[in-house]
Amino acid sequence: MKYNFSTTAFLRLTCVLLLSTLLCACGGGSGGSSPVAPVDPVEPVDPVSPPLANAGENLAATVGEAVFLDGSDSSDPDFQSLTYSWVLTTVPASSASRLVNATSSSPSFIPDIEGIYIARLVVNNGQLDSAADTVRITAGAVTSFIDDFDGNGSLVGYVTNNPSSLPSVGRVNNRYRANLVDNSGNITLHFNNSQGRLDAQLVSFPFVATAPHLGIGTQANSQQAPSSAGGPYIFAGLQVHVESLDSRNSSHVVVGHRGGGAPFTIEGKNTVNGNSSVNDAGANIVPAGRADIRIVGNSDRSLKVYWQVPNPNPGVNPDNWTPYRGSGSLPGATPAYAAQVYVGLITYASGNTGVPFVGTCDSFEITF
């Protein structure tokens with residue numbers, strides 16, 4: 001049979017074929033995907049400017065008097081409205097100070113005790129863009145000593161007692177490192193009449209001593225806790241000692257393994273005239289073998305001890321200081337401290353189980 005295509009028929013067929021091609025290309029028909037609408041390109045958001053007029057300053061404050069902070073220098077190039085969020089990320093242990101009008105550009109707060117406060121401000125323009133900065137406020141106290149253990153070498157500016165008991169102590173890769181390889185005769189022990197090595201500063205009451213990331217590590221890696229197998233007694237920590245270093249009167253709080261019954265713990269101790277009282281804050285409370293430790297020496301020459309799991313971003317993340325055993329008090333009687341005491345770092349063992357190991361710390365700060 002012979003077919004004759006007219007011009008009209010040809011045009012109709014062409015239209016059908018073209019329509020079918022377009023439907024296939026757009027996913028038409030059964031089993032095809034839905035057409036996707038084009039997305040307009042997102043314009044970049046200009047950054048919010050740094051927020052604090054007094055960023056980086058160490059502001060002086062008086063206990064009981066208002067301190068006014070200033071975030072008003074912050075601006076947005078796109079003229080978006082800004083929101084402000086302030087938080088005190090670091091406060092002295094036992095402080096109850098709070099910011100007033102923490103969502104304004106320039107809040108205030110009244111420090112209730114002496115010490116160092118760090119306030120952090122985040123400014124947001126509502127377009128997923130923000131800026132942050134911090135300011136440090138010193139209330140009533142003067143920073144007398146800060147050691148960040150920068151570089152490598154010997155400790156600088158310390159009074160050292162019994163250096164021969166632990167000869168290898170210094171700065172390694174920007175950290176305190178006490179390399180304990182021999183404890184023959186319990187030469188490093190701090191207990192009863194034994195006094196190991198102490199690297200300290202002479203300070204006056206009242207004071208606050210803080211040591212972040214303080215604890216024990218392996219010789220291969222100071223940031224990896226050694227095993228608790230065998231029930232070792234191995235520690236690093238802070239000690240308060242009477243001004244006469246020959247006297248057996250001291251207090252300390254240390255981090256490490258306290259035998260098989262309390263590994264990964266924090267131990268507290270008071271020693272009065274060579275007789276020690278000791279306890280701990282519980283097994284496995286510091287699974288990394290390190291903690292942030294703070295000792296507060298009060299005006300009446302009593303001590304309060306605080307700890308926290310290491311703050312990974314101090315000055316940014318809020319601190320969470322926990323009083324030692326709920327009260328902050330060390331066991332037994334506190335030595336009769338005079339106006340001045342030595343405060344410093346110790347690393348020690350009882351016996352040789354767990355030796356060698358290292359004591360480690362990221363920094364050491366005392367205000368008084």
# chains A, B, ... in the order shown; residues from 1 in each chain; ligands from 1
>>> residues_around(residues="Glu65 (chain A)", least_positions_apart="5", cutoff="9 Å", atoms="only C-alpha atoms", output="list in words")
Phe109, Ile110, Pro111 and Asp112 of chain A
>>> closest_residue(among="A:Ser302, A:Gln340, A:Thr353, A:Asn221", to="Gln201 (chain A)", atoms="only C-alpha atoms")
A:Gln340
>>> select_by_dssp(residues="region 109-259 of chain A", states="helix (DSSP H, G or I)", output="list in words")
Pro163, Ser164, Ser165, Ser184, Gly185 and Asn186 of chain A
>>> residues_around(residues="Ser108 (chain A)", least_positions_apart="4", cutoff="10 Å", atoms="only C-alpha atoms", output="list in words")
Glu65, Ala66, Val67, Phe68, Leu69, Asp70, Arg98, Leu99, Val100, Asn101, Ala102 and Ser104 of chain A
>>> write_last_selection(atoms="C-alpha atoms", output="PDB file, in the first residue's frame")
ATOM      1  CA  GLU A  65      31.646  47.662  92.189  1.00  0.00           C
ATOM      2  CA  ALA A  66      30.113  47.452  88.719  1.00  0.00           C
ATOM      3  CA  VAL A  67      32.297  46.826  85.680  1.00  0.00           C
ATOM      4  CA  PHE A  68      30.981  48.027  82.303  1.00  0.00           C
ATOM      5  CA  LEU A  69      31.951  46.136  79.148  1.00  0.00           C
ATOM      6  CA  ASP A  70      31.761  47.540  75.649  1.00  0.00           C
ATOM      7  CA  ARG A  98      26.521  37.193  86.775  1.00  0.00           C
ATOM      8  CA  LEU A  99      26.358  39.616  83.879  1.00  0.00           C
ATOM      9  CA  VAL A 100      23.574  42.222  83.904  1.00  0.00           C
ATOM     10  CA  ASN A 101      21.809  42.821  80.560  1.00  0.00           C
ATOM     11  CA  ALA A 102      23.804  40.057  78.875  1.00  0.00           C
ATOM     12  CA  SER A 104      22.856  44.216  75.247  1.00  0.00           C
TER      13      SER A 104
END
>>> residues_around(residues="Gly185 (chain A)", least_positions_apart="5", cutoff="10 Å", atoms="only C-alpha atoms", output="MDAnalysis selection string")
chainID A and resid 350:352
>>> decode(residues="region 124-165 of chain A", atoms="N, CA and C atoms", output="PDB file, in the first residue's frame")
ATOM      1  N   ASN A 124      25.777  38.477  66.345  1.00  0.00           N
ATOM      2  CA  ASN A 124      25.208  37.776  65.200  1.00  0.00           C
ATOM      3  C   ASN A 124      24.303  38.727  64.425  1.00  0.00           C
ATOM      4  N   ASN A 125      24.366  38.622  63.071  1.00  0.00           N
ATOM      5  CA  ASN A 125      23.529  39.503  62.251  1.00  0.00           C
ATOM      6  C   ASN A 125      22.289  38.818  61.688  1.00  0.00           C
ATOM      7  N   GLY A 126      22.018  37.596  62.152  1.00  0.00           N
ATOM      8  CA  GLY A 126      20.834  36.883  61.690  1.00  0.00           C
ATOM      9  C   GLY A 126      20.975  36.266  60.326  1.00  0.00           C
ATOM     10  N   GLN A 127      22.155  36.360  59.719  1.00  0.00           N
ATOM     11  CA  GLN A 127      22.399  35.794  58.396  1.00  0.00           C
ATOM     12  C   GLN A 127      23.482  34.723  58.458  1.00  0.00           C
ATOM     13  N   LEU A 128      23.495  33.990  59.552  1.00  0.00           N
ATOM     14  CA  LEU A 128      24.470  32.918  59.772  1.00  0.00           C
ATOM     15  C   LEU A 128      25.890  33.454  59.786  1.00  0.00           C
ATOM     16  N   ASP A 129      26.042  34.701  60.151  1.00  0.00           N
ATOM     17  CA  ASP A 129      27.364  35.285  60.249  1.00  0.00           C
ATOM     18  C   ASP A 129      27.494  35.910  61.626  1.00  0.00           C
ATOM     19  N   SER A 130      28.639  35.657  62.275  1.00  0.00           N
ATOM     20  CA  SER A 130      28.837  36.177  63.613  1.00  0.00           C
ATOM     21  C   SER A 130      30.316  36.455  63.842  1.00  0.00           C
ATOM     22  N   ALA A 131      30.585  37.170  64.899  1.00  0.00           N
ATOM     23  CA  ALA A 131      31.952  37.439  65.324  1.00  0.00           C
ATOM     24  C   ALA A 131      31.995  37.322  66.837  1.00  0.00           C
ATOM     25  N   ALA A 132      33.168  36.996  67.358  1.00  0.00           N
ATOM     26  CA  ALA A 132      33.298  36.808  68.797  1.00  0.00           C
ATOM     27  C   ALA A 132      34.631  37.363  69.273  1.00  0.00           C
ATOM     28  N   ASP A 133      34.665  37.740  70.540  1.00  0.00           N
ATOM     29  CA  ASP A 133      35.901  38.211  71.145  1.00  0.00           C
ATOM     30  C   ASP A 133      35.763  38.082  72.660  1.00  0.00           C
ATOM     31  N   THR A 134      36.873  38.197  73.350  1.00  0.00           N
ATOM     32  CA  THR A 134      36.861  38.074  74.805  1.00  0.00           C
ATOM     33  C   THR A 134      37.601  39.242  75.436  1.00  0.00           C
ATOM     34  N   VAL A 135      37.283  39.492  76.701  1.00  0.00           N
ATOM     35  CA  VAL A 135      37.977  40.513  77.471  1.00  0.00           C
ATOM     36  C   VAL A 135      38.238  39.943  78.862  1.00  0.00           C
ATOM     37  N   ARG A 136      39.388  40.268  79.413  1.00  0.00           N
ATOM     38  CA  ARG A 136      39.830  39.741  80.713  1.00  0.00           C
ATOM     39  C   ARG A 136      39.690  40.828  81.763  1.00  0.00           C
ATOM     40  N   ILE A 137      39.083  40.479  82.888  1.00  0.00           N
ATOM     41  CA  ILE A 137      38.867  41.437  83.972  1.00  0.00           C
ATOM     42  C   ILE A 137      39.529  40.907  85.232  1.00  0.00           C
ATOM     43  N   THR A 138      40.401  41.695  85.817  1.00  0.00           N
ATOM     44  CA  THR A 138      41.075  41.319  87.057  1.00  0.00           C
ATOM     45  C   THR A 138      40.443  42.094  88.201  1.00  0.00           C
ATOM     46  N   ALA A 139      39.824  41.373  89.121  1.00  0.00           N
ATOM     47  CA  ALA A 139      39.105  42.006  90.228  1.00  0.00           C
ATOM     48  C   ALA A 139      39.891  41.860  91.523  1.00  0.00           C
ATOM     49  N   GLY A 140      40.460  42.946  91.986  1.00  0.00           N
ATOM     50  CA  GLY A 140      41.096  42.970  93.292  1.00  0.00           C
ATOM     51  C   GLY A 140      42.407  42.228  93.388  1.00  0.00           C
ATOM     52  N   ALA A 141      42.695  41.355  92.432  1.00  0.00           N
ATOM     53  CA  ALA A 141      43.918  40.553  92.495  1.00  0.00           C
ATOM     54  C   ALA A 141      44.857  40.978  91.384  1.00  0.00           C
ATOM     55  N   VAL A 142      46.120  40.746  91.590  1.00  0.00           N
ATOM     56  CA  VAL A 142      47.133  41.062  90.598  1.00  0.00           C
ATOM     57  C   VAL A 142      47.765  39.766  90.126  1.00  0.00           C
ATOM     58  N   THR A 143      47.823  39.581  88.813  1.00  0.00           N
ATOM     59  CA  THR A 143      48.472  38.395  88.286  1.00  0.00           C
ATOM     60  C   THR A 143      49.959  38.502  88.572  1.00  0.00           C
ATOM     61  N   SER A 144      50.430  37.669  89.469  1.00  0.00           N
ATOM     62  CA  SER A 144      51.825  37.765  89.876  1.00  0.00           C
ATOM     63  C   SER A 144      52.722  36.797  89.130  1.00  0.00           C
ATOM     64  N   PHE A 145      52.158  35.699  88.619  1.00  0.00           N
ATOM     65  CA  PHE A 145      52.999  34.719  87.948  1.00  0.00           C
ATOM     66  C   PHE A 145      52.155  33.895  86.982  1.00  0.00           C
ATOM     67  N   ILE A 146      52.594  33.849  85.731  1.00  0.00           N
ATOM     68  CA  ILE A 146      51.985  32.981  84.724  1.00  0.00           C
ATOM     69  C   ILE A 146      53.103  32.282  83.977  1.00  0.00           C
ATOM     70  N   ASP A 147      53.045  30.978  83.894  1.00  0.00           N
ATOM     71  CA  ASP A 147      54.017  30.201  83.124  1.00  0.00           C
ATOM     72  C   ASP A 147      53.265  29.346  82.125  1.00  0.00           C
ATOM     73  N   ASP A 148      53.422  29.658  80.836  1.00  0.00           N
ATOM     74  CA  ASP A 148      52.826  28.856  79.770  1.00  0.00           C
ATOM     75  C   ASP A 148      53.763  27.762  79.285  1.00  0.00           C
ATOM     76  N   PHE A 149      54.932  27.647  79.907  1.00  0.00           N
ATOM     77  CA  PHE A 149      55.926  26.618  79.567  1.00  0.00           C
ATOM     78  C   PHE A 149      56.308  26.662  78.088  1.00  0.00           C
ATOM     79  N   ASP A 150      56.401  27.861  77.546  1.00  0.00           N
ATOM     80  CA  ASP A 150      56.729  28.011  76.131  1.00  0.00           C
ATOM     81  C   ASP A 150      58.111  27.433  75.824  1.00  0.00           C
ATOM     82  N   GLY A 151      58.187  26.730  74.684  1.00  0.00           N
ATOM     83  CA  GLY A 151      59.472  26.240  74.195  1.00  0.00           C
ATOM     84  C   GLY A 151      59.956  25.001  74.907  1.00  0.00           C
ATOM     85  N   ASN A 152      61.279  24.870  74.984  1.00  0.00           N
ATOM     86  CA  ASN A 152      61.925  23.715  75.603  1.00  0.00           C
ATOM     87  C   ASN A 152      63.061  24.201  76.494  1.00  0.00           C
ATOM     88  N   GLY A 153      63.306  23.486  77.571  1.00  0.00           N
ATOM     89  CA  GLY A 153      64.401  23.859  78.464  1.00  0.00           C
ATOM     90  C   GLY A 153      64.000  23.741  79.916  1.00  0.00           C
ATOM     91  N   SER A 154      64.792  24.336  80.768  1.00  0.00           N
ATOM     92  CA  SER A 154      64.557  24.273  82.209  1.00  0.00           C
ATOM     93  C   SER A 154      63.394  25.177  82.609  1.00  0.00           C
ATOM     94  N   LEU A 155      62.809  24.905  83.770  1.00  0.00           N
ATOM     95  CA  LEU A 155      61.824  25.822  84.339  1.00  0.00           C
ATOM     96  C   LEU A 155      62.522  27.121  84.720  1.00  0.00           C
ATOM     97  N   VAL A 156      61.803  28.225  84.590  1.00  0.00           N
ATOM     98  CA  VAL A 156      62.390  29.537  84.841  1.00  0.00           C
ATOM     99  C   VAL A 156      61.611  30.244  85.946  1.00  0.00           C
ATOM    100  N   GLY A 157      62.326  30.718  86.958  1.00  0.00           N
ATOM    101  CA  GLY A 157      61.718  31.558  87.977  1.00  0.00           C
ATOM    102  C   GLY A 157      61.095  30.815  89.137  1.00  0.00           C
ATOM    103  N   TYR A 158      61.458  29.572  89.359  1.00  0.00           N
ATOM    104  CA  TYR A 158      60.887  28.779  90.450  1.00  0.00           C
ATOM    105  C   TYR A 158      61.896  28.603  91.584  1.00  0.00           C
ATOM    106  N   VAL A 159      61.361  28.430  92.799  1.00  0.00           N
ATOM    107  CA  VAL A 159      62.149  27.941  93.927  1.00  0.00           C
ATOM    108  C   VAL A 159      61.945  26.432  93.982  1.00  0.00           C
ATOM    109  N   THR A 160      63.027  25.674  93.946  1.00  0.00           N
ATOM    110  CA  THR A 160      62.934  24.209  93.877  1.00  0.00           C
ATOM    111  C   THR A 160      63.441  23.586  95.164  1.00  0.00           C
ATOM    112  N   ASN A 161      62.640  22.702  95.722  1.00  0.00           N
ATOM    113  CA  ASN A 161      63.034  21.931  96.900  1.00  0.00           C
ATOM    114  C   ASN A 161      63.281  20.481  96.501  1.00  0.00           C
ATOM    115  N   ASN A 162      64.376  19.913  96.991  1.00  0.00           N
ATOM    116  CA  ASN A 162      64.748  18.522  96.708  1.00  0.00           C
ATOM    117  C   ASN A 162      64.855  18.229  95.210  1.00  0.00           C
ATOM    118  N   PRO A 163      65.633  18.985  94.465  1.00  0.00           N
ATOM    119  CA  PRO A 163      65.727  18.731  93.022  1.00  0.00           C
ATOM    120  C   PRO A 163      66.329  17.376  92.677  1.00  0.00           C
ATOM    121  N   SER A 164      67.181  16.831  93.548  1.00  0.00           N
ATOM    122  CA  SER A 164      67.839  15.564  93.226  1.00  0.00           C
ATOM    123  C   SER A 164      66.879  14.385  93.253  1.00  0.00           C
ATOM    124  N   SER A 165      65.730  14.539  93.935  1.00  0.00           N
ATOM    125  CA  SER A 165      64.784  13.419  93.982  1.00  0.00           C
ATOM    126  C   SER A 165      64.113  13.179  92.636  1.00  0.00           C
TER     127      SER A 165
END
